[in-house]
Each structure stands twice: as structure tokens, then as C-alpha cells.
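Here is the structure we will look at.
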Amino acid sequence: MSYNNTKKYLYNYIALDFFAGSGLVSYSIRPYFKVVWANDICQKKAEVYISNHDKKHFHLDSIENIHGKDLPAVDLSWASFPCQDLSLAGKTEGINAKRSGLVWQWLRVMDEMPQKPDLLVAENVEGFISSAKGEHYKIFHMELEKRGYIAGAILLDAANWIPQSRPRIFVIAIKSDINIPKNLISETPSWVHNESIKRVSKILKNWIFWYMPSPPSREKNLMDIIEWDDTKWDSEEKTQRLFELIPARHLIKLNEYDTIAVTGYKRTRNNKQTLELRFDGTAGCLRTPQGGSSRQFLIYKKGQEYYTRLLLIREVARLMGVPDTYKLPKKYNDAYKAMGDAVAVPVVNYLAKSLLLPLAVTIKCQREREEQNDSLISEAYGL
């Protein structure tokens with residue numbers, strides 16, 4: 001069967017969105033999967049979700065209070081579960097810790113569903129597969145296997161689509177009785193498999209090297225997403241204080257350009273606060289705004305003039321691939337958190353289009369054939 005023409009299958013598939021946050025996953029997969037149920041525990045994120053999606057299908061509650069028997073049968077279940085215990089920037093307490101351990105609640109809900117989804121996706125930070133020499137991921141992978149799934153992980157960096165460095169792990173699992181088309185898997189690792197994934201794949205059974213075509217070259221850089229009409233630059237005094245934090249080597253690099261815009265994060269190096277810049281036309285990975293060091297600064301140089309300020313909320317949203325029509329909170333920190341604690345839109349959209357939709361088509365066709373065969377057998381035996 002050819003999977004090149006999948007237009008007729010659009011909107012034929014439905015999904016659940018766990019840890020849905022501000023709704024960027026639901027928004028990203030909307031051309032291919034209709035989300036019919038979503039949940040999150042954060043009231044402020046829920047308000048963002050409801051402002052941009054159908055509020056009837058959103059459930060504000062802890063996943064610990066969700067029961068699979070109450071959920072509809074769907075094609076796909078997505079979980080962007082908490083990353084705090086797996087992030088290399090955190091304490092890396094692991095897959096069984098309080099926050100990241102909520103992934104087990106997700107699997108518990110799947111176990112309780114009368115009809116488990118044929119397709120699962122779990123998304124998290126790179127540390128999910130790289131920390132503890134892959135042991136955290138190994139535990140998760142084996143739990144999927146116990147439930148009748150085969151799986152593989154891929155790494156997608158948002159920098160391939162938008163001017164933000166944001167590598168994320170996506171685990172795609174499918175029921176083991178599905179015959180996966182050869183064009184969706186590869187014999188060896190490809191551009192979506194980093195060294196950590198390669199190492200883990202060698203110690204696990206039933207590993208799948210998912211295949212996705214390389215995306216086109218990115219069109220936009222940091223300069224393209226900036227609100228140039230905004231004039232609320234920092235005062236000269238504040239700009240001077242920020243420049244005092246910039247390492248000497250970064251100042252030298254900055255002054256090599258006549259006109260340039262860069263972003264910077266405050267970091268502590270050798271017990272000293274610094275403002276580190278990057279010059280590749282790409283912003284650093286957005287984080288939640290838990291203080292000044294978690295928010296990115298914009299530094300703009302034009303000739304001998306220097307300007308600084310925090311990234312604007314609409315700029316932050318653009319760095320996530322979110323359209324300007326997407327409704328965001330009015331308070332800066334609330335909006336920053338809604339975006340910084342989310343999944344980049346073009347990444348999820350590309351994954352859905354290139355892999356998840358073809359898999360959903362495959363599953364549907366195979367299940368339909370099985371039903372037809374069962375019907376023929378029943379007719380033959382007069383059942």
C-alpha cells in the first residue's frame with residue numbers, strides 16, 4: 001500500500017493528550033489527529049489551552065485521579081510527562097521520582113482502558129535517554145514491552161525548524177501485532193538517533209529505528225522573529241550592568257559584527273555570574289521563568305549602539321513555532337511559562353505528518369482487514 005496520498009485520512013484519527021499544558025501538542029497534531037480528551041493539573045496552563053481549543057474535552061485534574069475506563073477508545077495517546085527528574089539541569093533523580101514518575105500513572109491509565117490505543121508517544125528531555133547510562137529509559141522501554149508494544153526513541157531538535165535549540169526525545173510505541181511498513185523503519189541509525197540512543201538500542205530487544213525524512217533547511221533565524229517595532233529597550237544603566245556580565249571572549253565576538261541580534265542566558269561559572277551569548281542565529285532552549293537566570297535576554301548591536309531587553313512574549317511564542325493568533329496570558333511570567341514548558345509546534349507537526357499519520361493509516365488498514373477476515377470466518381461457519 002502506498003502512503004504518499006494520505007489526504008483522505010485526515011481527521012479520521014483521534015487522540016488523547018496527557019500533560020497537555022498550554023495545548024501546543026493538540027494544536028500541532030490537529031491536521032492529522034483530533035484530540036478528544038486532554039488533561040493537565042496547572043490552572044494557568046489550562047486557561048491557555050481552553051482559550052485556544054474546545055474546552056469541553058479538557059479535564060483539569062491530577063493524572064492520579066484519571067481512570068482509563070472513563071476514556072474513549074482512540075488511535076493515539078500522547079504524554080509529554082514532567083521532565084524535572086530527568087533533566088540534566090536538575091537533580092536527575094530518575095524515572096521513579098515524584099514528578100517524572102507520573103509517567104507510570106499514564107501507563108496505569110492505559111492499562112485501565114477497555115481498548116488500549118495501538119499507538120503511543122512519550123516526549124521528554126534528552127536526559128530521559130542519556131542519564132544513568134540509559135537505565136531510566138531502559139526501565140520504561142521494558143514496561144512498554146510488557147504491555148504488548150514495541151518501541152524506539154528518536155531525538156528531534158527544534159533548531160531544524162525554528163531558531164531555538166531545543167532537543168527532545170520522542171518515544172514512539174506501537175502494538176507488536178502491527179506489520180510496520182518498511183519505509184517507516186531503517187536497519188541502522190539515522191539523523192534522528194544520537195549517540196545516547198544508539199547506546200541504549202544495543203542493550204534492548206525489539207528496538208525500532210524509526211525512519212523520517214530529513215526536513216528542509218530552516219528558513220528563519222533569530223533576526224526574523226524579533227518585534228523590531230517595539231521600543232522598550234533597557235535603560236543605559238541596565239544595559240551597562242548586563243554588559244559587565246558578558247565574558248570577554250563573547251564581547252570580542254560581538255564586536256566583530258556591525259549589525260547582529262543574539263540571545264544570552266545568565267549562568268554561574270566559577271562562582272561568578274555571567275551572561276553567555278550565542279552567535280549562530282539561534283536562541284538557547286527556552287525554560288520556565290523561575291527567576292532572571294531562567295529568562296533569555298536579547299542583545300542587539302547596530303554600529304556602535306547596543307540595546308538589551310528580555311525577549312518579548314510574542315517572540316518567545318515565535319521561538320516555539322506558535323502563530324501570532326495563538327492566545328497567551330497577559331502576565332509576562334505566565335505566558336513565558338506557557339511557552340517555555342511546552343513542545344515546539346513544527347517539531348510535533350512534522351512527526352505527526354511524517355510518521356504518526358502513516359502508522360495510524362497502517363493500523364487502521366490492518367484492523368479493517370482483520371475484521372473482514374473475522375466476518376468471513378463467521379459467515380463460513382454460520383456464527
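Letters for chains follow the order of the C-alpha cells (A, B, ...), residue numbers begin at 1 for each chain, and ligand numbers begin at 1 in the order shown.
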With a distance cut-off of 12 Å and only C-alpha atoms, select the neighbouring residues of Gln366 in chain A, excluding the residue or stretch itself and same-chain residues fewer than 6 positions from it, and output the selection as a list of chain:residue names.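 Near Gln366 in chain A, the qualifying residues are A:Met1, A:Asp118, A:Lys175, A:Asp177, A:Ile178, A:Asn179, A:Ile180, A:Pro181, A:Leu359, A:Ala360, A:Gln372, A:Asn373.
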Saved selection, atoms kept: N, CA and C atoms, as a PDB file, in the first residue's frame:
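Just written: selection_38.pdb:
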```pdb
ATOM      1  N   MET A   1       0.844  -1.204   0.000  1.00  0.00           N
ATOM      2  CA  MET A   1       0.000   0.000   0.000  1.00  0.00           C
ATOM      3  C   MET A   1       0.872   1.244   0.000  1.00  0.00           C
ATOM      4  N   ASP A 118      -3.490   1.734  19.932  1.00  0.00           N
ATOM      5  CA  ASP A 118      -2.459   0.994  19.199  1.00  0.00           C
ATOM      6  C   ASP A 118      -1.158   1.774  19.101  1.00  0.00           C
ATOM      7  N   LYS A 175       1.595  -1.325  18.871  1.00  0.00           N
ATOM      8  CA  LYS A 175       1.251  -2.702  19.240  1.00  0.00           C
ATOM      9  C   LYS A 175       2.093  -3.673  18.423  1.00  0.00           C
ATOM     10  N   ASP A 177       1.602  -6.514  17.222  1.00  0.00           N
ATOM     11  CA  ASP A 177       0.991  -7.326  16.166  1.00  0.00           C
ATOM     12  C   ASP A 177       0.809  -6.549  14.858  1.00  0.00           C
ATOM     13  N   ILE A 178       1.234  -5.282  14.835  1.00  0.00           N
ATOM     14  CA  ILE A 178       1.100  -4.469  13.629  1.00  0.00           C
ATOM     15  C   ILE A 178       2.300  -4.690  12.715  1.00  0.00           C
ATOM     16  N   ASN A 179       2.022  -4.907  11.453  1.00  0.00           N
ATOM     17  CA  ASN A 179       3.092  -5.039  10.460  1.00  0.00           C
ATOM     18  C   ASN A 179       3.496  -3.647   9.982  1.00  0.00           C
ATOM     19  N   ILE A 180       4.647  -3.189  10.417  1.00  0.00           N
ATOM     20  CA  ILE A 180       5.084  -1.830  10.121  1.00  0.00           C
ATOM     21  C   ILE A 180       5.663  -1.763   8.708  1.00  0.00           C
ATOM     22  N   PRO A 181       5.225  -0.808   7.899  1.00  0.00           N
ATOM     23  CA  PRO A 181       5.784  -0.664   6.545  1.00  0.00           C
ATOM     24  C   PRO A 181       7.294  -0.432   6.589  1.00  0.00           C
ATOM     25  N   LEU A 359       1.618   5.615  10.335  1.00  0.00           N
ATOM     26  CA  LEU A 359       1.416   4.478  11.233  1.00  0.00           C
ATOM     27  C   LEU A 359      -0.068   4.290  11.537  1.00  0.00           C
ATOM     28  N   ALA A 360      -0.779   5.393  11.744  1.00  0.00           N
ATOM     29  CA  ALA A 360      -2.214   5.300  12.015  1.00  0.00           C
ATOM     30  C   ALA A 360      -2.959   4.717  10.818  1.00  0.00           C
ATOM     31  N   GLN A 372     -12.683  -7.918   8.549  1.00  0.00           N
ATOM     32  CA  GLN A 372     -13.263  -8.564   7.372  1.00  0.00           C
ATOM     33  C   GLN A 372     -13.025 -10.070   7.400  1.00  0.00           C
ATOM     34  N   ASN A 373     -11.804 -10.449   7.776  1.00  0.00           N
ATOM     35  CA  ASN A 373     -11.490 -11.877   7.854  1.00  0.00           C
ATOM     36  C   ASN A 373     -12.332 -12.567   8.920  1.00  0.00           C
TER      37      ASN A 373
END
```
Can you list every residue in range 215-372 of chain A that DSSP puts in alpha helix (DSSP H), as a PyMOL selection string? chain A and resi 222-225+236-243+248-254+313-319+332-340+345-351+357-372
Non-local contacts of Tyr27 in chain A (12 Å; only C-alpha atoms; under 3 positions in same chain excluded) as number ranges by chain: A: 15, 17, 20-24, 30-35, 38, 48-54, 321-323, 326, 342-349, 352
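Here the question is which of A:Ile174, A:Leu204, A:Leu312, A:Ala132 gets nearest to Phe297 in chain A using only C-alpha atoms, and that residue is A:Leu312.
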I'd like the neighbourhood of Lys138 in chain A as a ChimeraX atom specification, where a residue qualifies if any of its atoms comes within 8 Å (using only C-alpha atoms), though same-chain residues fewer than 3 positions away should be ignored. /A:134-135,141-142,200,204
Write a file of the selected residues as an mmCIF file, in the first residue's frame, keeping C-alpha atoms.
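What follows is the written file again-v1.cif:
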```cif
data_model
loop_
_atom_site.group_PDB
_atom_site.id
_atom_site.type_symbol
_atom_site.label_atom_id
_atom_site.label_comp_id
_atom_site.auth_asym_id
_atom_site.auth_seq_id
_atom_site.Cartn_x
_atom_site.Cartn_y
_atom_site.Cartn_z
ATOM 1 C CA GLY A 134 20.201 4.846 29.702
ATOM 2 C CA GLU A 135 18.842 2.935 32.697
ATOM 3 C CA HIS A 141 11.022 0.571 27.371
ATOM 4 C CA MET A 142 10.634 -2.772 29.127
ATOM 5 C CA VAL A 200 20.578 2.180 24.504
ATOM 6 C CA LEU A 204 17.272 -3.654 24.349
#
```
For CA of Glu256 in chain A and CA of Lys302 in chain A, the interatomic separation in Å (one decimal):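 These atoms are spaced 11.4 Å apart.
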